[in-house]
Amino acid sequence: MQEHEKFINEAVKMAKENVGTGLGGPFGALVVKDGKIVGRGINKVTSSNDPTAHAEVVAIRDACKNLDSHQLTDCIIYASCEPCPMCLGAIYWARPKMLVFAAENTDAAKAGFDDSYIYREVSLPPDKRKLPTINIKPDTFFSPFQTWLDFETKKVY
């Protein structure tokens with residue numbers, strides 16, 4: 001538990017320091033493997049004009065680059081705040097062994113970072129969401145998947 005506290009405190013410190021940099025919001029994240037930091041990320045949404053540049057995504061990208069892997073097997077992700085739906089999806093895709101976070105999404109909402117709308121929306125069928133969403137299936141809609149299935153040297157993930 002002491003090691004978890006050490007790394008979560010570092011993520012919170014990074015989040016707090018990021019506020020003064022003007023790079024983005026008050027979020028920080030670390031990826032740790034075997035007790036060593038292998039990836040770091042701070043929120044860079046506004047400075048990079050990239051809505052996906054959340055701290056967790058930035059940390060995952062950094063760790064994957066440093067580990068030369070598309071997965072974070074045997075890693076722990078430490079986040080200063082409970083991940084938003086996008087980041088949570090990225091975390092699941094990265095397949096770490098654990099996620100540890102400090103502030104809850106309700107704490108973030110108090111500071112103006114309210115993801116409850118997105119959580120509600122993604123649970124709805126596409127035709128019930130507020131974002132107009134249309135599913136069009138041309139005759140070739142499955143062809144990319146069939147090409148993937150037939151591709152003998154694919155790297156499965």
# chains A, B, ... in the order shown; residues from 1 in each chain; ligands from 1

$ residues_around --residues "Glu10 of chain A" --least-positions-apart "2" --cutoff "10 Å" --atoms "only C-alpha atoms" --output "VMD selection string"
chain A and resid 4 to 8 12 to 16 28 to 30 78 to 80

$ atom_distance --atom1 "atom CA of Cys87 of chain A" --atom2 "atom CA of Ile134 of chain A"
24.3 Å

$ residues_around --residues "segment 115-130 of chain A" --least-positions-apart "3" --cutoff "12 Å" --atoms "only C-alpha atoms" --output "PyMOL selection string"
chain A and resi 81-89+104-112+133-135

$ residues_around --residues "Arg95 of chain A" --least-positions-apart "2" --cutoff "12 Å" --atoms "only C-alpha atoms" --output "list in words"
Val31, Ile60, Cys64, Ser69, His70, Gln71, Leu72, Thr73, Asp74, Cys75, Ile76, Ile77, Leu88, Gly89, Ala90, Ile91, Tyr92, Trp93, Lys97, Met98, Leu99 and Tyr157 of chain A
